[in-house]
>>> print(open('work07.txt').read())   # compact mmCIF, C-alpha atoms
# COMPACT_ATOMS: atom_id res chain seq x y z
CA MET A 17 49.14 48.40 -27.86
CA GLY A 18 48.02 49.69 -31.24
CA SER A 19 44.47 48.46 -30.70
CA LYS A 20 44.30 50.23 -27.32
CA ARG A 21 45.40 53.55 -28.82
CA LYS A 22 42.87 53.11 -31.63
CA ALA A 23 40.09 52.53 -29.09
CA GLU A 24 41.09 55.71 -27.22
CA GLU A 25 41.00 57.69 -30.43
CA GLN A 26 37.55 56.38 -31.30
CA SER A 27 36.16 57.36 -27.86
CA THR A 28 37.14 61.04 -28.26
CA VAL A 29 34.08 63.32 -28.25
CA SER A 30 34.20 66.93 -29.41
CA ILE A 31 32.40 69.55 -27.29
CA SER A 32 31.10 72.93 -28.44
CA ILE A 33 28.81 75.69 -27.16
CA ASP A 34 26.14 77.12 -29.45
CA SER A 35 25.34 80.69 -28.35
CA SER A 36 23.25 81.50 -31.41
CA LYS A 37 19.71 82.74 -30.88
CA ALA A 38 17.89 79.76 -32.37
CA LYS A 39 14.12 79.80 -32.73
CA VAL A 40 13.81 76.46 -30.92
CA GLN A 41 15.66 76.59 -27.62
CA PRO A 42 15.69 74.17 -24.64
CA VAL A 43 14.13 75.28 -21.36
CA LEU A 44 14.68 73.85 -17.88
CA ALA A 45 11.51 73.80 -15.77
CA THR A 46 10.41 72.80 -12.27
CA PHE A 47 6.73 72.29 -11.39
CA VAL A 48 5.44 73.67 -8.09
CA ALA A 49 2.42 71.37 -7.73
CA ALA A 50 0.65 69.56 -10.56
CA VAL A 51 2.71 67.98 -13.32
CA PRO A 52 1.35 68.05 -16.90
CA PRO A 53 1.10 64.93 -19.07
CA VAL A 54 4.30 63.83 -20.78
CA ALA A 55 3.05 64.74 -24.25
CA SER A 56 2.04 68.30 -23.30
CA GLU A 57 3.21 71.11 -25.61
CA PHE A 58 4.42 74.42 -24.19
CA THR A 59 4.55 77.74 -26.03
CA SER A 60 7.61 79.89 -25.28
CA TYR A 61 7.58 83.72 -25.16
CA ARG A 62 10.65 85.95 -24.93
CA GLY A 63 10.79 89.49 -23.60
CA MET A 64 11.28 92.42 -26.00
CA GLY A 65 14.11 94.93 -25.69
CA ALA A 66 17.59 94.70 -24.26
CA GLU A 67 16.47 94.84 -20.63
CA LYS A 68 14.04 91.93 -20.97
CA SER A 69 15.87 89.84 -23.54
CA ASN A 70 16.59 87.20 -20.88
CA ASP A 71 12.97 87.03 -19.66
CA TYR A 72 11.04 83.96 -20.80
CA ILE A 73 7.49 82.75 -20.25
CA VAL A 74 6.23 79.26 -21.13
CA ALA A 75 2.58 78.29 -21.13
CA SER A 76 0.47 75.19 -21.67
CA SER A 77 -3.09 74.14 -20.99
CA THR A 78 -5.07 70.93 -20.51
CA GLU A 79 -8.81 70.55 -20.36
CA LYS A 80 -8.93 71.53 -16.66
CA ILE A 81 -5.56 73.02 -15.68
CA GLU A 82 -3.39 75.89 -16.94
CA PHE A 83 0.40 75.84 -16.58
CA VAL A 84 2.47 79.05 -16.69
CA GLY A 85 6.20 79.31 -16.05
CA GLN A 86 8.55 82.29 -16.04
CA THR A 87 12.20 83.07 -15.44
CA PHE A 88 11.51 85.95 -13.06
CA ASP A 89 9.72 86.63 -9.79
CA GLY A 90 8.35 90.13 -10.01
CA ALA A 91 11.29 92.34 -11.03
CA ARG A 92 13.96 89.86 -9.94
CA PRO A 93 15.29 86.90 -11.96
CA LEU A 94 14.91 83.43 -10.45
CA VAL A 95 18.58 82.58 -11.04
CA THR A 96 21.55 84.93 -10.53
CA GLY A 97 25.28 84.28 -10.66
CA CYS A 98 25.03 81.17 -12.84
CA ARG A 99 23.41 79.82 -15.97
CA TYR A 100 22.25 76.45 -17.22
CA LEU A 101 23.31 74.61 -20.36
CA VAL A 102 21.72 71.59 -22.02
CA GLY A 103 23.96 69.27 -24.03
CA VAL A 104 22.79 67.31 -27.08
CA TYR A 105 24.87 64.39 -28.28
CA ASP A 106 25.09 63.78 -32.04
CA PRO A 107 26.22 60.19 -32.70
CA SER A 108 26.82 60.85 -36.40
CA THR A 109 29.56 63.41 -35.66
CA ASP A 110 30.47 62.07 -32.24
CA SER A 111 30.04 65.52 -30.71
CA VAL A 112 28.14 67.23 -27.91
CA THR A 113 26.68 70.70 -28.44
CA PHE A 114 25.70 72.75 -25.40
CA ARG A 115 23.02 75.43 -25.66
CA PRO A 116 21.96 77.98 -23.02
CA ALA A 117 18.70 76.96 -21.32
CA PRO A 118 16.67 79.46 -19.27
CA TYR A 119 15.26 78.19 -15.99
CA VAL A 120 11.52 78.64 -15.36
CA ARG A 121 9.32 77.81 -12.39
CA VAL A 122 5.92 76.54 -13.56
CA THR A 123 2.79 77.08 -11.46
CA SER A 124 -0.66 75.64 -12.16
CA ALA A 125 -4.22 76.89 -11.83
CA ILE A 126 -7.54 75.10 -12.17
CA LYS A 127 -9.67 76.85 -14.76
CA SER A 128 -12.94 76.44 -12.86
CA LEU A 129 -11.43 78.10 -9.76
CA LYS A 130 -10.01 81.14 -11.49
CA ASP A 131 -11.32 84.43 -10.14
CA ALA A 132 -14.04 85.86 -12.37
CA ARG A 133 -13.97 89.37 -10.86
CA GLY A 134 -12.61 92.19 -12.93
CA VAL A 135 -9.41 94.04 -12.11
CA ALA A 136 -11.30 97.33 -11.80
CA ASP A 137 -13.54 95.93 -9.04
CA ARG A 138 -10.55 94.79 -7.03
CA ASP A 139 -8.82 98.14 -7.47
CA ILE A 140 -11.90 100.08 -6.25
CA SER A 141 -12.25 97.84 -3.19
CA ALA A 142 -8.55 98.23 -2.37
CA ARG A 143 -8.73 102.02 -2.71
CA LEU A 144 -11.78 102.23 -0.42
CA MET A 145 -10.06 100.13 2.21
CA GLN A 146 -6.89 102.21 1.97
CA ALA A 147 -8.85 105.46 2.34
CA ARG A 148 -10.67 104.10 5.38
CA THR A 149 -7.38 103.09 6.98
CA GLU A 150 -5.79 106.51 6.34
CA LEU A 151 -8.76 108.31 7.88
CA GLY A 152 -8.60 106.09 10.95
CA GLU A 153 -4.87 106.67 11.35
CA ALA A 154 -5.25 110.46 11.00
CA PHE A 155 -8.42 111.18 12.98
CA GLY A 156 -9.25 108.01 14.89
CA SER A 157 -8.90 107.44 18.61
CA LYS A 158 -6.01 105.54 20.16
CA LYS A 159 -8.18 102.46 20.42
CA ARG A 160 -9.21 102.77 16.76
CA ARG A 161 -5.60 103.14 15.59
CA ALA A 162 -4.61 100.03 17.59
CA GLN A 163 -7.50 98.19 15.97
CA ILE A 164 -6.37 99.25 12.48
CA ARG A 165 -2.83 98.02 13.16
CA ALA A 166 -4.21 94.70 14.42
CA GLU A 167 -6.31 94.36 11.26
CA GLU A 168 -3.26 95.05 9.11
CA ARG A 169 -1.30 92.33 10.89
CA ASN A 170 -4.15 89.84 10.49
CA LYS A 171 -4.95 90.73 6.90
CA ILE A 172 -5.01 87.73 4.56
CA ASP A 173 -3.64 87.98 1.06
CA MET A 174 -6.59 86.59 -0.89
CA ASP A 175 -4.66 86.36 -4.14
CA GLY A 176 -2.07 84.19 -2.40
CA VAL A 177 -4.77 82.05 -0.80
CA LYS A 178 -6.49 81.53 -4.15
CA SER A 179 -3.19 80.56 -5.73
CA ASP A 180 -2.68 77.99 -2.96
CA MET A 181 -6.25 76.73 -3.43
CA ALA A 182 -5.52 76.09 -7.07
CA VAL A 183 -2.41 74.12 -6.16
CA ILE A 184 -4.21 72.12 -3.48
CA GLY A 185 -7.18 71.52 -5.76
CA ALA A 186 -4.92 70.28 -8.54
CA SER A 187 -3.11 67.92 -6.15
CA ILE A 188 -6.41 66.56 -4.80
CA GLU A 189 -7.77 66.04 -8.29
CA LEU A 190 -4.67 64.15 -9.40
CA ARG A 191 -4.64 61.93 -6.32
CA ALA A 192 -8.40 61.32 -6.36
CA SER A 193 -8.15 59.90 -9.88
CA SER A 194 -5.93 57.07 -8.59
CA MET A 195 -8.02 56.25 -5.50
CA PRO A 196 -9.87 52.90 -5.50
CA SER A 197 -13.65 52.93 -5.80
CA ALA A 198 -15.99 52.10 -2.93
CA GLN A 199 -16.76 48.72 -4.49
CA ALA A 200 -13.04 47.93 -4.83
CA LEU A 201 -12.50 48.77 -1.15
CA LYS A 202 -15.46 46.57 -0.18
CA ASP A 203 -14.15 43.66 -2.27
CA ALA A 204 -10.69 43.99 -0.70
CA GLU A 205 -12.22 44.01 2.78
CA ASN A 206 -14.21 40.84 2.03
CA VAL A 207 -11.11 39.07 0.72
CA ASN A 208 -9.14 39.92 3.87
CA ARG A 209 -11.80 38.79 6.36
CA PRO A 210 -10.44 36.14 8.78
CA VAL A 211 -13.37 33.79 8.14
CA PRO A 212 -13.75 30.52 6.18
CA ARG A 213 -14.85 30.56 2.55
CA TYR A 214 -18.47 31.65 2.33
CA ASN A 215 -21.36 32.05 -0.08
CA PRO A 216 -22.74 35.60 0.18
CA ASP A 217 -25.90 34.85 -1.81
CA THR A 218 -27.44 31.81 -0.14
CA SER A 219 -30.28 32.21 2.38
CA VAL A 220 -29.71 28.79 4.00
CA ALA A 221 -27.56 29.02 7.12
CA ALA A 222 -25.96 25.59 6.63
CA GLU A 223 -24.81 26.57 3.13
CA ILE A 224 -23.19 29.90 4.04
CA TYR A 225 -19.79 28.58 5.13
CA ASP A 226 -17.76 25.93 3.35
CA MET A 227 -17.18 23.36 6.09
CA GLU A 228 -14.48 21.73 3.96
CA ASP A 229 -12.45 24.90 4.61
CA VAL A 230 -13.23 24.74 8.34
CA LEU A 231 -12.31 21.05 8.73
CA PRO A 232 -10.93 19.45 5.56
CA ARG A 233 -11.79 15.79 5.09
CA ALA A 234 -8.08 15.00 4.73
CA VAL A 235 -7.44 16.37 8.21
CA ALA A 236 -10.58 14.81 9.70
CA GLY A 237 -9.31 11.40 8.56
CA HIS A 238 -6.38 11.71 10.99
CA ILE A 239 -8.66 12.29 14.01
CA ASN A 240 -9.10 8.91 15.74
CA ILE A 241 -12.55 8.47 17.33
CA SER A 242 -12.74 4.68 17.59
CA SER A 243 -12.06 4.62 21.34
CA LEU A 244 -14.81 7.18 21.92
CA THR A 245 -17.57 5.67 19.83
CA ALA A 246 -16.85 2.14 21.09
CA SER A 247 -17.58 3.01 24.73
CA MET A 248 -20.75 4.42 26.28
CA ASP A 249 -18.95 5.39 29.49
CA PRO A 250 -18.57 9.18 29.74
CA GLU A 251 -15.46 8.77 31.85
CA VAL A 252 -13.71 7.09 28.91
CA TYR A 253 -14.10 9.97 26.48
CA LYS A 254 -13.43 12.54 29.20
CA SER A 255 -10.03 10.95 29.78
CA LYS A 256 -9.40 10.71 26.03
CA VAL A 257 -10.34 14.37 25.45
CA PRO A 258 -8.69 16.50 28.13
CA THR A 259 -10.48 19.83 27.75
CA ARG A 260 -11.89 22.57 29.97
CA SER A 261 -14.51 23.57 27.40
CA LEU A 262 -18.02 22.93 28.69
CA PHE A 263 -19.33 23.24 25.14
CA VAL A 264 -17.05 20.41 23.96
CA LYS A 265 -18.00 18.21 26.92
CA LYS A 266 -21.71 18.79 26.37
CA LYS A 267 -21.55 18.02 22.65
CA LEU A 268 -19.37 14.92 23.12
CA GLU A 269 -21.69 13.54 25.76
CA HIS A 270 -24.68 14.06 23.51
CA LEU A 271 -23.08 12.58 20.37
CA VAL A 272 -21.47 9.54 21.98
CA SER A 273 -24.70 8.65 23.80
CA GLN A 274 -26.50 8.15 20.46
CA PRO A 275 -27.12 4.58 19.25
CA LYS A 276 -25.13 5.37 16.10
CA PRO A 277 -22.90 8.43 16.68
CA ASP A 278 -22.27 10.77 13.74
CA ALA A 279 -18.57 10.17 13.10
CA TYR A 280 -18.01 13.44 11.25
CA LYS A 281 -19.62 15.52 14.02
CA VAL A 282 -17.57 13.69 16.66
CA ARG A 283 -14.45 14.58 14.70
CA CYS A 284 -15.64 18.20 14.47
CA VAL A 285 -15.99 18.35 18.28
CA LEU A 286 -12.52 16.88 18.75
CA TYR A 287 -11.11 19.31 16.20
CA LEU A 288 -12.79 22.14 18.12
CA SER A 289 -11.02 20.97 21.29
CA TYR A 290 -7.70 21.10 19.37
CA LEU A 291 -8.43 24.66 18.29
CA MET A 292 -9.30 25.72 21.83
CA ARG A 293 -6.10 24.24 23.23
CA LEU A 294 -4.13 25.89 20.40
CA ASN A 295 -5.75 29.20 21.35
CA MET A 296 -4.40 28.80 24.90
CA THR A 297 -0.91 27.82 23.70
CA SER A 298 1.79 30.49 23.98
CA ASN A 299 4.34 31.22 21.25
CA LYS A 300 7.06 29.77 23.47
CA GLN A 301 5.16 26.47 23.65
CA LEU A 302 4.29 26.69 19.96
CA ALA A 303 7.97 26.69 19.05
CA ASN A 304 8.25 23.07 20.27
CA ARG A 305 6.32 20.94 17.78
CA GLU A 306 6.68 17.67 19.68
CA ALA A 307 5.42 19.29 22.88
CA CYS A 308 2.40 20.66 21.00
CA ILE A 309 1.53 17.19 19.67
CA LYS A 310 1.51 15.85 23.25
CA SER A 311 -0.38 18.86 24.61
CA LEU A 312 -3.11 18.76 21.98
CA CYS A 313 -3.30 14.93 22.00
CA CYS A 314 -3.57 14.79 18.22
CA ALA A 315 -1.80 13.29 15.23
CA PRO A 316 1.24 15.04 13.71
CA GLU A 317 -0.72 15.57 10.48
CA VAL A 318 -3.33 17.57 12.42
CA ILE A 319 -0.65 19.72 14.06
CA ASP A 320 0.87 20.50 10.66
CA ALA A 321 -2.56 21.54 9.33
CA LEU A 322 -3.17 23.77 12.37
CA PHE A 323 0.23 25.42 12.05
CA ASP A 324 -0.25 26.08 8.34
CA LYS A 325 -3.66 27.71 8.85
CA PHE A 326 -3.42 29.46 12.22
CA ALA A 327 0.27 30.37 12.64
CA GLU A 328 3.07 32.00 10.69
CA CYS A 329 6.43 30.46 9.95
CA VAL A 330 9.35 32.27 11.62
CA ALA A 331 11.88 32.94 8.88
CA GLY A 332 15.39 31.62 9.48
CA THR A 333 14.52 29.44 12.49
CA VAL A 334 13.96 25.68 12.81
CA ASN A 335 13.22 23.21 15.59
CA PRO A 336 15.87 20.72 16.77
CA ASP A 337 14.25 18.07 14.54
CA GLY A 338 14.67 20.34 11.50
CA SER A 339 10.97 21.28 11.22
CA PRO A 340 10.09 24.98 10.74
CA MET A 341 9.25 27.09 13.78
CA TYR A 342 5.86 28.80 13.96
CA LYS A 343 4.31 31.62 15.98
CA LYS A 344 0.87 33.17 16.43
CA THR A 345 0.17 36.80 15.50
CA PRO A 346 -2.84 39.02 16.28
CA ALA A 347 -4.15 38.30 12.77
CA THR A 348 -3.84 34.52 13.08
CA GLU A 349 -5.36 34.62 16.59
CA ASN A 350 -8.42 36.47 15.24
CA LYS A 351 -8.69 33.93 12.43
CA LEU A 352 -8.48 31.07 14.94
CA VAL A 353 -11.34 32.44 17.06
CA CYS A 354 -13.47 33.09 13.96
CA TYR A 355 -13.01 29.50 12.78
CA MET A 356 -13.86 28.24 16.28
CA SER A 357 -17.01 30.38 16.27
CA VAL A 358 -18.17 28.98 12.91
CA LEU A 359 -17.44 25.41 14.04
CA MET A 360 -19.41 25.91 17.28
CA LEU A 361 -22.31 27.41 15.33
CA SER A 362 -22.36 24.41 12.97
CA LEU A 363 -22.53 22.02 15.94
CA ASN A 364 -25.32 23.99 17.62
CA ASN A 365 -27.80 24.42 14.75
CA TRP A 366 -26.28 27.82 13.83
CA VAL A 367 -27.19 29.44 17.14
CA LEU A 368 -24.62 30.26 19.84
CA TYR A 369 -24.63 32.17 23.08
CA PRO A 370 -21.80 34.72 23.42
CA ALA A 371 -21.69 33.96 27.16
CA GLU A 372 -20.83 30.35 26.33
CA LEU A 373 -18.05 31.35 23.92
CA ALA A 374 -16.72 33.86 26.46
CA GLY A 375 -16.69 31.26 29.23
CA ASP A 376 -14.80 28.68 27.17
CA LEU A 377 -12.20 31.14 25.82
CA GLY A 378 -11.87 33.21 28.99
CA ILE A 379 -12.68 36.50 27.26
CA PRO A 380 -15.17 39.29 28.10
CA GLY A 381 -18.74 38.87 26.87
CA LYS A 382 -18.57 42.01 24.70
CA LYS A 383 -15.50 40.65 22.94
CA ALA A 384 -17.28 37.35 22.29
CA GLU A 385 -20.21 39.27 20.80
CA LYS A 386 -17.81 41.11 18.47
CA PHE A 387 -16.29 37.84 17.26
CA LEU A 388 -19.71 36.35 16.52
CA ALA A 389 -20.82 39.53 14.75
CA SER A 390 -17.61 39.43 12.67
CA VAL A 391 -18.61 36.00 11.27
CA GLY A 392 -22.00 37.39 10.21
CA CYS A 393 -24.22 36.55 13.20
CA LYS A 394 -27.17 38.68 14.25
CA LEU A 395 -27.36 39.30 18.00
CA GLU A 396 -30.76 38.90 19.66
CA ALA A 397 -31.70 39.61 23.27
CA VAL A 398 -32.46 36.63 25.51
CA THR A 399 -33.36 36.13 29.16
CA ALA A 400 -31.16 34.72 31.87
CA ALA A 401 -33.43 31.65 32.06
CA GLU A 402 -32.81 30.84 28.37
CA VAL A 403 -29.05 31.22 28.81
CA ALA A 404 -29.14 28.97 31.89
CA ALA A 405 -31.12 26.31 30.01
CA GLN A 406 -28.68 26.25 27.09
CA THR A 407 -25.29 26.60 28.82
CA LEU A 408 -23.41 24.65 31.47
CA ASN A 409 -21.17 27.45 32.72
CA LYS A 410 -22.68 28.67 36.00
CA ARG A 411 -20.82 31.98 35.86
CA THR A 412 -22.13 32.85 32.39
CA ALA A 413 -25.55 31.21 32.79
CA SER A 414 -26.42 33.57 35.63
CA ARG A 415 -26.27 36.55 33.29
CA SER A 416 -28.96 37.74 30.93
CA GLY A 417 -27.49 38.54 27.56
CA LYS A 418 -27.78 37.78 23.88
CA LYS A 419 -27.71 34.91 21.44
CA ALA A 420 -26.00 34.93 18.06
CA VAL A 421 -27.97 33.58 15.10
CA LEU A 422 -26.46 32.97 11.66
CA GLN A 423 -28.91 33.73 8.87
CA GLY A 424 -28.59 34.20 5.15
CA PRO A 425 -27.84 36.14 3.09
CA ILE A 426 -24.86 36.86 5.31
CA LYS A 427 -24.06 40.46 6.24
CA PHE A 428 -20.82 41.51 7.88
CA PRO A 429 -20.50 44.56 10.16
CA LYS A 430 -18.92 47.67 8.72
CA ALA A 431 -15.32 48.34 9.65
CA SER A 432 -14.94 50.64 12.66
CA LEU A 433 -13.29 54.00 11.92
CA ARG A 434 -11.68 53.89 15.35
CA GLY A 435 -10.06 50.54 14.60
CA ASN A 436 -11.72 48.85 17.62
>>> encode(input="work07.txt", output="structure tokens")
Amino acid sequence: MGSKRKAEEQSTVSISIDSSKAKVQPVLATFVAAVPPVASEFTSYRGMGAEKSNDYIVASSTEKIEFVGQTFDGARPLVTGCRYLVGVYDPSTDSVTFRPAPYVRVTSAIKSLKDARGVADRDISARLMQARTELGEAFGSKKRRAQIRAEERNKIDMDGVKSDMAVIGASIELRASSMPSAQALKDAENVNRPVPRYNPDTSVAAEIYDMEDVLPRAVAGHINISSLTASMDPEVYKSKVPTRSLFVKKKLEHLVSQPKPDAYKVRCVLYLSYLMRLNMTSNKQLANREACIKSLCCAPEVIDALFDKFAECVAGTVNPDGSPMYKKTPATENKLVCYMSVLMLSLNNWVLYPAELAGDLGIPGKKAEKFLASVGCKLEAVTAAEVAAQTLNKRTASRSGKKAVLQGPIKFPKASLRGN
């Protein structure tokens, strides 16, 4: 009990109010627009005489901006009916001393925008305008007097506008200093592109994209091709690779018919068929991992790699087998189509027809052209005969259009301001 009373006695703080007119006095300030640096020093001025003894002006200046604050607005004080006090705690005496603190509102002005005209010039102009208005009111016609009244209503206070310009200019200057540079914006845009890792400096098309990022060797090892390469019968691989893509069918037929098929390219074509089927899979189907494995006809390790790269994990949800649940988003769908485009280019000697991509994905030709341009392809005009000779889709082969060619050094299209 004694220790508790002792603690209460030690926590007692004495409070006093210092009303003396000290040379150094605290000031409360609010800033209308720009805020000065923390270490800025303000000079305080106090009005002379009994009537203005409560009027204060504070001023400071940086290299570009002037700050002026005052306790009054014209002939009226900013604060009436109350006053502010600032308390200072002294730990040595365990006391708080309150001192009166005038309240000032600080405005700012940019030095370079300050009006250079003299006061006399403004006064002469104002007097001439006033005389002209009085003459019109006294001797002008009814129409002229109505015009004068309309001009008075529409008159703009230039001093007020210039004050606002200074505030706006100061705000713009402060915000512009924290804006990223054009190079920083370009670097951020390159980092966020939905394309595989690339080399922006090489001039060789085959060296632009890192194919290990497109199809990692670890994933390719789980793609079984033995049943395809062991048989020369096209019906065998067609049954093993259920796909509607004419591009995949054409490439598989060409590769498997070789005396010694390129195993890595065969795996790339099969991986492309997985990507195309994943592109057609809905989020409802994607939520069932086992169903996706059966639908895509691939190993579980391949499904896991596809989910990690081209889908997002749904937080707080799991499949019945305990595995995480995934879904596609607009961003992951764009990434999926970009990776498919690069893979198709690599299998076709870095040339691809947008009509062929559009036919396999079921998208408009213009949209296919945008996807190919987004991976750095240059679009060149071709004839309908060339498209027909290079594609198997009768609907797309009948159209004249363009071909996309990947060349180095790679150049990406500029971002559209309309967001399309």
>>> closest_residue(input="work07.txt", among="A:Ser32, A:Thr113, A:Asn304, A:Asn350", to="A:Lys325", atoms="all atoms listed in the file")
A:Asn350
>>> atom_distance(input="work07.txt", atom1="atom CA of A:Gly375", atom2="atom CA of A:Ala303")
27.1 Å
>>> axis_aligned_box(input="work07.txt", around="stretch 379-388 of chain A", padding_each_side="8 Å", output="lines of an AutoDock Vina configuration file")
center_x = -16.4
center_y = 39.2
center_z = 22.3
size_x = 23.5
size_y = 21.7
size_z = 27.6
>>> closest_residue(input="work07.txt", among="A:Val54, A:Ala420, A:Ile188, A:Val183", to="A:Asn365", atoms="all atoms listed in the file")
A:Ala420
>>> atom_distance(input="work07.txt", atom1="atom CA of A:Gly381", atom2="atom CA of A:Cys354")
15.1 Å
>>> closest_residue(input="work07.txt", among="A:Ser261, A:Thr46, A:Ser124, A:Asn240", to="A:Met292", atoms="only C-alpha atoms")
A:Ser261
>>> residues_near_point(input="work07.txt", point="(-23.2, 36.1, 4.7)", cutoff="7 Å", atoms="all atoms listed in the file", output="ChimeraX atom specification")
/A:214-216,224,392,424-428
>>> atom_distance(input="work07.txt", atom1="atom CA of A:Tyr119", atom2="atom CA of A:Glu79")
25.6 Å
>>> closest_residue(input="work07.txt", among="A:Val330, A:Cys314, A:Lys80, A:Arg305", to="A:Leu190", atoms="only C-alpha atoms")
A:Lys80
>>> closest_residue(input="work07.txt", among="A:Gly152, A:Arg160, A:Glu82, A:Pro42", to="A:Tyr100", atoms="all atoms listed in the file")
A:Pro42
>>> residues_around(input="work07.txt", residues="A:Leu231", least_positions_apart="5", cutoff="9 Å", atoms="only C-alpha atoms", output="ChimeraX atom specification")
/A:236,284,287,359
>>> closest_residue(input="work07.txt", among="A:Thr259, A:Thr345, A:Ser157, A:Ser56", to="A:Ile81", atoms="only C-alpha atoms")
A:Ser56
>>> residues_around(input="work07.txt", residues="A:Ile126", least_positions_apart="2", cutoff="12 Å", atoms="all atoms listed in the file", output="PyMOL selection string")
chain A and resi 49-50+77-84+123-124+128-131+178-190
>>> residues_around(input="work07.txt", residues="A:Pro116", least_positions_apart="4", cutoff="12 Å", atoms="all atoms listed in the file", output="ChimeraX atom specification")
/A:32-38,40-44,70,98-104
